[in-house]
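Shown next, in structure tokens, is the structure this report addresses.
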2 protein chains.
Amino acid sequence: MRVTIKDVSRIAGVSIKTVSRVLNKEKYVRDDTRAKVVAAVAELNFSPSLAARTLAGSRSFQIALIYDNHSPYYIHAIQAGVWARCREQGVRMLAQPVDIASATLAQEIGGLIDETHVDGVILSSPVTDAPEALAELERRNIRFVRISPGTNHALTSSVFMDDAQAADDMTTHLINQGHRRIGFVIGHPNHMASDERHFGYRRALDRAGIGYEPSLVRPGEFDFASGMAAAKALLSPQNKPTAIFASNDDMAAGILSYAHHIGLDVPRDLSVAGFDDTDLAQLVWPQLTTIRQPTRDLAFAATGLLFEADPVITHQRLQHELIIRASTTRVRS
Amino acid sequence: MRVTIKDVSRIAGVSIKTVSRVLNKEKYVRDDTRAKVVAAVAELNFSPSLAARTLAGSRSFQIALIYDNHSPYYIHAIQAGVWARCREQGVRMLAQPVDIASATLAQEIGGLIDETHVDGVILSSPVTDAPEALAELERRNIRFVRISPGTNHALTSSVFMDDAQAADDMTTHLINQGHRRIGFVIGHPNHMASDERHFGYRRALDRAGIGYEPSLVRPGEFDFASGMAAAKALLSPQNKPTAIFASNDDMAAGILSYAHHIGLDVPRDLSVAGFDDTDLAQLVWPQLTTIRQPTRDLAFAATGLLFEADPVITHQRLQHELIIRASTTRVRS
DNA sequence: GGCAATTAAGACACCGCTGTCATAACTAGG
DNA sequence: CCTAGTTATGACAGCGGTGTCTTAATTGCC
């Protein structure tokens with residue numbers, strides 16, 4: 001049979017309510033009483049039933065992480081960050097993949113909340129900007145924090161980095177290395193960060209007095225294949241970029257692959273830069289110059305905001321970092 | 001206020017027990033009664049409280065996926081497979097990372113089960129072979145299925161692939177391409193699959209009448225860095241392998257990187273093969289010849305076994321596939 | 001030492017469902 | 001038409017905790 005709070009109370013010689021107080025770290029328990037309870041809990045190896053606590057109380061000790069992102073690296077880092085913070089709080093994490101294009105998105109999220117009574121929700125991009133999802137969460141009046149939202153910043157607490165500034169930094173770095181014809185691959189249109197990065201690229205060019213040339217800019221989807229395709233278009237004879245800056249590492253890897261394929265030497269013939277600093281950046285050759293996005297830390301911080309006692313809306317910006325590796329170099333004169 | 005089964009029963013004009021019957025697809029409900037209930041559920045957009053169902057009933061509609069694996073690709077695929085199967089069953093998945101080296105492993109798993117009352121557990125390698133974890137699950141008499149266990153096969157249902165045969169296939173492929181000096185990088189010692197793959201490599205050599213040369217075999221840890229380190233050791237002048245077979249793709253990527261670093265052309269000067277066919281295999285250049293491990297399908301199948309009504313111990317072998325890409329070629333004469 | 005304020009502990013209802021048991025409504029066979 | 005068996009539905013307790021309220025014990029202060 002399952003060990004219950006009753007067993008603990010019997011062993012400790014107190015009422016179940018007192019055990020409950022100790023479990024929940026409430027005050028008004030004498031130290032010696034607390035000690036007896038703690039001892040009984042240890043002796044019986046008691047873990048309280050989440051189901052019962054949820055049903056009787058006003059908390060469920062669970063939060064949900066909702067995501068729709070097909071980059072394993074990104075998701076892995078996000079999960080790790082959320083999980084680590086949950087662990088500190090003694091709260092369970094429910095990982096919930098969704099499809100933001102699905103017609104039943106709101107229903108799924110609503111059902112999740114009703115079924116599980118989660119205490120809060122973490123939204124990762126691009127679910128952060130799915131109106132149906134946001135509306136559903138608002139309607140249920142549940143606390144949620146967004147990681148790198150692109151829109152509607154006043155709505156909730158959020159954590160993010162400055163994507164525009166990061167892209168600006170990278171572009172400026174390339175310019176400082178003498179590059180003037182810098183290709184750019186835009187990210188997935190669903191992600192607001194894509195716009196920001198695009199904007200940062202353009203701003204840096206502007207400031208340097210370099211004209212923005214549409215033929216040097218290509219759409220992408222954040223995946224390897226679209227990186228390859230973009231490279232193919234950008235590396236045509238009339239374009240002749242000396243560097244290509246991709247909006248994420250996967251696409252940069254695609255560019256590398258295509259460049260090798262047509263016999264270019266990176267970085268001698270072409271500099272390639274990525275964005276995100278996922279593990280992949282170091283698993284390709286040459287290793288990618290990229291922007292370190294503090295993904296795990298963003299997730300960790302976001303989860304911390306969710307647990308904040310005072311639910312005031314807070315925005316936390318985490319610092320990115322320009323990581324210079326072997327895939328970029330000074331332009332040949 | 002929350003919508004409860006009472007609200008549904010009132011709208012439908014039946015008792016709460018009847019609503020419960022419909023929810024649980026029990027028999028002994030007339031079709032017209034069922035229709036009334038279904039309509040009321042839809043009208044109120046009712047989702048039953050998991051906490052209440054868990055507490056009152058004998059099921060929790062949740063299972064746990066326990067893993068300790070630092071390959072994002074692998075975990076991503078495993079999660080996706082488990083999740084897809086859970087979704088079909090209307091069951092929630094609790095993802096639980098653990099540290100199999102931790103002294104509190106058993107306690108953590110025990111606590112998880114006591115707290116959440118999960119209906120079953122999926123174990124992914126290498127937790128599949130952590131004795132404390134297995135003992136704890138046995139002690140709690142909970143159903144669990146293992147994905148690619150290395151030991152103790154009679155203990156539980158499991159799904160797996162034939163790692164030895166796969167490594168044999170790959171080695172044989174290299175031999176057929178004329179390679180005789182084939183280096184091998186062993187996987188992480190915690191993983192039983194490492195032994196199997198190592199064994200398969202050796203068996204293929206044997207069959208071809210090629211001697212097993214310890215200097216051509218190096219330990220690894222399943223990560224990029226250990227692949228690089230192994231390459232450094234293997235590519236010494238006295239060794240001169242014409243091919244290196246790594247026990248996973250991450251290490252193969254490390255080998256590629258080191259080979260490029262010292263100016264080797266892959267596959268002209270050196271063939272490199274991986275194992276797993278993670279996304280990474282196509283994100284490096286040249287793309288890796290590797291073994292496709294049906295990771296997602298393994299997870300999907302394992303979860304299916306967990307839901308099997310009749311809990312008979314079943315072992316399901318899924319087929320691997322030799323994927324030939326650009327990183328290997330005929331040996332130069 | 002007496003009284004109010006504070007601290008400490010327990011009694012008990014109840015959270016929203018399911019399991020068990022009782023009972024009502026049908027169906028079939030003689 | 002009656003009885004037994006089957007099908008359909010409901011009443012009610014109880015799962016294991018927490019919230020609220022009550023009461024007892026202790027403390028502080030004049």
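Ordering of the structure tokens sets the chain letters (A, B, ...); residue numbers start at 1 within each chain; ligands are numbered from 1 in the order shown.
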
Counting only C-alpha atoms (C1' of nucleotides), collect the residues of chain A whose closest atom lies at most 8 Å from chain C, and write them out as a list of chain:residue names.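 Taking only C-alpha atoms (C1' of nucleotides) into account, A:Ser15, A:Lys17, A:Thr18, A:Tyr28, A:Val29, A:Arg30, A:Leu55, A:Ala56, A:Gly57 sit within 8 Å of chain C.
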
For the selection you just gave me, I'd like the residues written to a file as a short mmCIF file (atom, residue, chain, number, x, y, z; two decimals), in the first residue's frame, keeping C-alpha atoms.
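Result written to result-v1.cif:
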```cif
data_model
loop_
_atom_site.label_atom_id
_atom_site.label_comp_id
_atom_site.auth_asym_id
_atom_site.auth_seq_id
_atom_site.Cartn_x
_atom_site.Cartn_y
_atom_site.Cartn_z
CA SER A 15 -2.34 15.32 13.36
CA LYS A 17 -2.68 18.85 9.44
CA THR A 18 0.58 19.34 11.29
CA TYR A 28 3.40 27.98 13.65
CA VAL A 29 5.07 24.63 14.11
CA ARG A 30 7.41 24.15 17.09
CA LEU A 55 -7.10 18.61 -5.83
CA ALA A 56 -7.29 19.93 -2.30
CA GLY A 57 -5.03 22.93 -2.57
#
```

Mind listing as a ChimeraX atom specification which residues of chain A are within 8 Å of chain D, counting only C-alpha atoms (C1' of nucleotides)? /A:4-5,20,48-49,52-53,55-57

Take the residues just selected and output them with C-alpha atoms as a PDB file, in the first residue's frame.
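Done, and the output landed in part18.pdb:
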```
ATOM      1  CA  THR A   4       0.119   8.500   3.079  1.00  0.00           C
ATOM      2  CA  ILE A   5       0.151  11.519   5.276  1.00  0.00           C
ATOM      3  CA  SER A  20       0.862  19.110   6.066  1.00  0.00           C
ATOM      4  CA  PRO A  48       3.062  13.360  -0.848  1.00  0.00           C
ATOM      5  CA  SER A  49       0.640  12.641  -3.654  1.00  0.00           C
ATOM      6  CA  ALA A  52      -4.188  14.997  -3.740  1.00  0.00           C
ATOM      7  CA  ARG A  53      -2.313  18.225  -3.168  1.00  0.00           C
ATOM      8  CA  LEU A  55      -7.101  18.613  -5.831  1.00  0.00           C
ATOM      9  CA  ALA A  56      -7.286  19.934  -2.302  1.00  0.00           C
ATOM     10  CA  GLY A  57      -5.033  22.925  -2.573  1.00  0.00           C
TER      11      GLY A  57
END
```

Could you tell me how far atom CA of Ala243 of chain A lies from atom CA of Ile175 of chain A, in Å and to one decimal?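 Going from atom CA of Ala243 of chain A over to atom CA of Ile175 of chain A, I get 9.5 Å.
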
Pull out every residue of chain B sitting within 7 Å of chain A, counting only C-alpha atoms, and send them as a list in words. Ser47, Pro48, Ser49, Leu50, Ala51, Ala52, Thr54, Leu55, Pro72, Tyr73, His76, Leu94, Ala95, Gly111, Asp114, Glu115, Thr116, Phe224, Ala253, Gly254, Ser257, Leu283, Val284 and Trp285 of chain B

Using only C-alpha atoms (C1' of nucleotides), determine which residues lie at most 7 Å from segment 263-276 of chain A, disregarding the query and same-chain residues fewer than 3 positions distant; provide the list as an NGL selection string. :A and (242-249 or 252 or 259-260 or 288-293 or 327-329)

Write out, as a PDB file, in the first residue's frame, the residues just selected, with C-alpha atoms.
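Produced file selection-v1.pdb, reproduced below:
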```
ATOM      1  CA  THR A 242      32.977  37.728 -49.672  1.00  0.00           C
ATOM      2  CA  ALA A 243      31.015  36.782 -46.594  1.00  0.00           C
ATOM      3  CA  ILE A 244      27.611  35.302 -45.784  1.00  0.00           C
ATOM      4  CA  PHE A 245      25.892  35.808 -42.487  1.00  0.00           C
ATOM      5  CA  ALA A 246      23.127  33.294 -41.783  1.00  0.00           C
ATOM      6  CA  SER A 247      20.431  33.893 -39.178  1.00  0.00           C
ATOM      7  CA  ASN A 248      21.210  30.637 -37.441  1.00  0.00           C
ATOM      8  CA  ASP A 249      23.844  27.928 -37.256  1.00  0.00           C
ATOM      9  CA  ALA A 252      25.314  28.443 -41.807  1.00  0.00           C
ATOM     10  CA  ALA A 259      30.605  26.149 -50.451  1.00  0.00           C
ATOM     11  CA  HIS A 260      32.684  23.017 -50.040  1.00  0.00           C
ATOM     12  CA  LEU A 288      31.543  28.727 -36.957  1.00  0.00           C
ATOM     13  CA  THR A 289      31.915  32.322 -35.966  1.00  0.00           C
ATOM     14  CA  THR A 290      28.545  32.948 -34.400  1.00  0.00           C
ATOM     15  CA  ILE A 291      26.519  34.734 -31.738  1.00  0.00           C
ATOM     16  CA  ARG A 292      26.141  32.954 -28.457  1.00  0.00           C
ATOM     17  CA  GLN A 293      22.549  33.061 -27.507  1.00  0.00           C
ATOM     18  CA  SER A 327      34.834  30.324 -40.403  1.00  0.00           C
ATOM     19  CA  THR A 328      35.439  34.044 -40.869  1.00  0.00           C
ATOM     20  CA  THR A 329      38.544  36.010 -41.681  1.00  0.00           C
TER      21      THR A 329
END
```

Could you tell me how far atom CA of His191 of chain B sits from atom CA of Ile109 of chain B, in Å to one decimal place? 19.8 Å

Run DSSP on the backbone and grab whatever in segment 86-140 of chain B lands in helix (DSSP H, G or I); send it over as a ChimeraX atom specification. /B:86-89,105-116,127-129,131-139

Expected file: the selected residues, N, CA and C atoms, as a PDB file, in the first residue's frame:
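Final output, saved to selection-v5.pdb:
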```pdb
ATOM      1  N   CYS B  86       1.802   8.656 -26.810  1.00  0.00           N
ATOM      2  CA  CYS B  86       1.005   9.101 -25.670  1.00  0.00           C
ATOM      3  C   CYS B  86      -0.214   9.885 -26.139  1.00  0.00           C
ATOM      4  N   ARG B  87       0.040  10.709 -27.103  1.00  0.00           N
ATOM      5  CA  ARG B  87      -1.020  11.543 -27.627  1.00  0.00           C
ATOM      6  C   ARG B  87      -2.169  10.684 -28.150  1.00  0.00           C
ATOM      7  N   GLU B  88      -1.819   9.644 -28.867  1.00  0.00           N
ATOM      8  CA  GLU B  88      -2.841   8.732 -29.380  1.00  0.00           C
ATOM      9  C   GLU B  88      -3.680   8.152 -28.246  1.00  0.00           C
ATOM     10  N   GLN B  89      -3.034   7.928 -27.117  1.00  0.00           N
ATOM     11  CA  GLN B  89      -3.705   7.292 -25.989  1.00  0.00           C
ATOM     12  C   GLN B  89      -4.362   8.303 -25.062  1.00  0.00           C
ATOM     13  N   LEU B 105      19.795   8.545  -7.240  1.00  0.00           N
ATOM     14  CA  LEU B 105      19.019   8.133  -8.414  1.00  0.00           C
ATOM     15  C   LEU B 105      17.746   7.377  -8.038  1.00  0.00           C
ATOM     16  N   ALA B 106      17.906   6.362  -7.202  1.00  0.00           N
ATOM     17  CA  ALA B 106      16.753   5.544  -6.830  1.00  0.00           C
ATOM     18  C   ALA B 106      15.708   6.398  -6.126  1.00  0.00           C
ATOM     19  N   GLN B 107      16.176   7.235  -5.240  1.00  0.00           N
ATOM     20  CA  GLN B 107      15.277   8.096  -4.497  1.00  0.00           C
ATOM     21  C   GLN B 107      14.495   9.015  -5.427  1.00  0.00           C
ATOM     22  N   GLU B 108      15.186   9.552  -6.404  1.00  0.00           N
ATOM     23  CA  GLU B 108      14.522  10.459  -7.323  1.00  0.00           C
ATOM     24  C   GLU B 108      13.437   9.749  -8.116  1.00  0.00           C
ATOM     25  N   ILE B 109      13.771   8.568  -8.579  1.00  0.00           N
ATOM     26  CA  ILE B 109      12.800   7.810  -9.356  1.00  0.00           C
ATOM     27  C   ILE B 109      11.636   7.386  -8.468  1.00  0.00           C
ATOM     28  N   GLY B 110      11.960   6.943  -7.268  1.00  0.00           N
ATOM     29  CA  GLY B 110      10.906   6.562  -6.324  1.00  0.00           C
ATOM     30  C   GLY B 110       9.991   7.734  -6.029  1.00  0.00           C
ATOM     31  N   GLY B 111      10.575   8.883  -5.773  1.00  0.00           N
ATOM     32  CA  GLY B 111       9.791  10.074  -5.473  1.00  0.00           C
ATOM     33  C   GLY B 111       8.890  10.447  -6.631  1.00  0.00           C
ATOM     34  N   LEU B 112       9.449  10.373  -7.812  1.00  0.00           N
ATOM     35  CA  LEU B 112       8.664  10.685  -9.002  1.00  0.00           C
ATOM     36  C   LEU B 112       7.417   9.802  -9.070  1.00  0.00           C
ATOM     37  N   ILE B 113       7.620   8.535  -8.851  1.00  0.00           N
ATOM     38  CA  ILE B 113       6.504   7.600  -8.957  1.00  0.00           C
ATOM     39  C   ILE B 113       5.481   7.824  -7.850  1.00  0.00           C
ATOM     40  N   ASP B 114       5.956   8.022  -6.643  1.00  0.00           N
ATOM     41  CA  ASP B 114       5.032   8.255  -5.531  1.00  0.00           C
ATOM     42  C   ASP B 114       4.254   9.548  -5.720  1.00  0.00           C
ATOM     43  N   GLU B 115       4.938  10.555  -6.153  1.00  0.00           N
ATOM     44  CA  GLU B 115       4.271  11.847  -6.294  1.00  0.00           C
ATOM     45  C   GLU B 115       3.255  11.850  -7.412  1.00  0.00           C
ATOM     46  N   THR B 116       3.655  11.291  -8.534  1.00  0.00           N
ATOM     47  CA  THR B 116       2.811  11.446  -9.719  1.00  0.00           C
ATOM     48  C   THR B 116       1.901  10.257  -9.997  1.00  0.00           C
ATOM     49  N   VAL B 127      19.909   4.584 -18.823  1.00  0.00           N
ATOM     50  CA  VAL B 127      19.191   4.327 -17.567  1.00  0.00           C
ATOM     51  C   VAL B 127      18.641   2.907 -17.562  1.00  0.00           C
ATOM     52  N   THR B 128      18.459   2.363 -18.766  1.00  0.00           N
ATOM     53  CA  THR B 128      17.983   0.987 -18.921  1.00  0.00           C
ATOM     54  C   THR B 128      18.835  -0.023 -18.175  1.00  0.00           C
ATOM     55  N   ASP B 129      20.066   0.355 -17.901  1.00  0.00           N
ATOM     56  CA  ASP B 129      20.979  -0.602 -17.290  1.00  0.00           C
ATOM     57  C   ASP B 129      21.543  -0.119 -15.963  1.00  0.00           C
ATOM     58  N   PRO B 131      21.290  -0.440 -12.296  1.00  0.00           N
ATOM     59  CA  PRO B 131      20.664  -1.406 -11.390  1.00  0.00           C
ATOM     60  C   PRO B 131      19.778  -0.753 -10.333  1.00  0.00           C
ATOM     61  N   GLU B 132      20.201   0.386  -9.807  1.00  0.00           N
ATOM     62  CA  GLU B 132      19.394   1.027  -8.764  1.00  0.00           C
ATOM     63  C   GLU B 132      18.044   1.446  -9.328  1.00  0.00           C
ATOM     64  N   ALA B 133      18.073   1.954 -10.544  1.00  0.00           N
ATOM     65  CA  ALA B 133      16.824   2.386 -11.168  1.00  0.00           C
ATOM     66  C   ALA B 133      15.904   1.192 -11.380  1.00  0.00           C
ATOM     67  N   LEU B 134      16.455   0.122 -11.915  1.00  0.00           N
ATOM     68  CA  LEU B 134      15.642  -1.060 -12.180  1.00  0.00           C
ATOM     69  C   LEU B 134      15.072  -1.628 -10.878  1.00  0.00           C
ATOM     70  N   ALA B 135      15.910  -1.675  -9.852  1.00  0.00           N
ATOM     71  CA  ALA B 135      15.465  -2.226  -8.573  1.00  0.00           C
ATOM     72  C   ALA B 135      14.315  -1.396  -8.011  1.00  0.00           C
ATOM     73  N   GLU B 136      14.448  -0.092  -8.118  1.00  0.00           N
ATOM     74  CA  GLU B 136      13.422   0.786  -7.573  1.00  0.00           C
ATOM     75  C   GLU B 136      12.087   0.580  -8.291  1.00  0.00           C
ATOM     76  N   LEU B 137      12.148   0.462  -9.602  1.00  0.00           N
ATOM     77  CA  LEU B 137      10.924   0.264 -10.376  1.00  0.00           C
ATOM     78  C   LEU B 137      10.293  -1.089 -10.041  1.00  0.00           C
ATOM     79  N   GLU B 138      11.118  -2.087  -9.920  1.00  0.00           N
ATOM     80  CA  GLU B 138      10.634  -3.422  -9.565  1.00  0.00           C
ATOM     81  C   GLU B 138       9.943  -3.380  -8.202  1.00  0.00           C
ATOM     82  N   ARG B 139      10.609  -2.740  -7.279  1.00  0.00           N
ATOM     83  CA  ARG B 139      10.114  -2.672  -5.910  1.00  0.00           C
ATOM     84  C   ARG B 139       8.736  -2.014  -5.863  1.00  0.00           C
TER      85      ARG B 139
END
```

Mind giving me the straight-line distance from atom CA of Ile186 of chain A to atom CA of Ala326 of chain B in Å, one decimal? 28.6 Å

List as a PyMOL selection string the protein and nucleic acid residues near segment 236-239 of chain A, meaning an atom at most 9 Å away when only C-alpha atoms (C1' of nucleotides) are counted, but skip any in the same chain fewer than 2 places from it. chain A and resi 181+183+215-216+231-234+241

Would you kindly return, as an mmCIF file with N, CA and C atoms, in the first residue's frame, each protein, DNA or RNA residue with an atom no farther than 7 Å from any atom of segment 122-125 of chain B, considering only C-alpha atoms (C1' of nucleotides) and excluding same-chain residues fewer than 4 positions away?
```
data_model
loop_
_atom_site.group_PDB
_atom_site.id
_atom_site.type_symbol
_atom_site.label_atom_id
_atom_site.label_comp_id
_atom_site.auth_asym_id
_atom_site.auth_seq_id
_atom_site.Cartn_x
_atom_site.Cartn_y
_atom_site.Cartn_z
ATOM 1 N N ALA B 64 6.002 8.365 -17.400
ATOM 2 C CA ALA B 64 7.253 9.112 -17.294
ATOM 3 C C ALA B 64 8.267 8.564 -18.281
ATOM 4 N N LEU B 65 9.011 9.472 -18.859
ATOM 5 C CA LEU B 65 10.144 9.083 -19.702
ATOM 6 C C LEU B 65 11.401 9.479 -18.944
ATOM 7 N N ILE B 66 12.195 8.493 -18.585
ATOM 8 C CA ILE B 66 13.388 8.769 -17.795
ATOM 9 C C ILE B 66 14.619 8.596 -18.666
ATOM 10 N N TYR B 67 15.462 9.608 -18.699
ATOM 11 C CA TYR B 67 16.632 9.524 -19.564
ATOM 12 C C TYR B 67 17.831 10.240 -18.960
ATOM 13 N N PHE B 144 7.182 -1.034 -16.754
ATOM 14 C CA PHE B 144 8.100 -0.205 -17.516
ATOM 15 C C PHE B 144 8.661 -0.950 -18.710
ATOM 16 N N VAL B 145 9.012 -0.182 -19.706
ATOM 17 C CA VAL B 145 9.543 -0.738 -20.949
ATOM 18 C C VAL B 145 10.874 -0.045 -21.196
ATOM 19 N N ARG B 146 11.825 -0.798 -21.697
ATOM 20 C CA ARG B 146 13.144 -0.213 -21.919
ATOM 21 C C ARG B 146 13.464 -0.089 -23.406
ATOM 22 N N ILE B 147 14.115 0.993 -23.742
ATOM 23 C CA ILE B 147 14.544 1.206 -25.116
ATOM 24 C C ILE B 147 16.029 0.881 -25.200
ATOM 25 N N SER B 148 16.344 -0.101 -25.989
ATOM 26 C CA SER B 148 17.727 -0.521 -26.192
ATOM 27 C C SER B 148 18.472 -0.854 -24.903
ATOM 28 N N PRO B 149 17.925 -1.774 -24.114
ATOM 29 C CA PRO B 149 18.639 -2.174 -22.913
ATOM 30 C C PRO B 149 19.831 -3.040 -23.302
ATOM 31 N N HIS B 191 27.281 2.861 -21.871
ATOM 32 C CA HIS B 191 26.255 2.361 -22.771
ATOM 33 C C HIS B 191 26.589 0.951 -23.233
ATOM 34 N N THR B 303 6.552 2.736 -26.203
ATOM 35 C CA THR B 303 5.402 3.306 -25.522
ATOM 36 C C THR B 303 4.151 2.492 -25.821
#
```

Using DSSP assignments from the backbone, pull out every residue in segment 49-81 of chain A that falls under strand (DSSP E) and give it to me as a count of residues only. 6

Would you please work out which residue, of A:Lys6, A:Thr314, A:Thr295, A:Pro214, is nearest to Met161 of chain A when using only C-alpha atoms?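 Using only C-alpha atoms, Met161 of chain A sits closest to A:Thr295.
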
Just want the 6 Å neighbourhood of Glu221 of chain A, counted on only C-alpha atoms (C1' of nucleotides), with same-chain residues fewer than 4 positions away dropped. Output as a list in words. Gly187, His188 and Ser226 of chain A
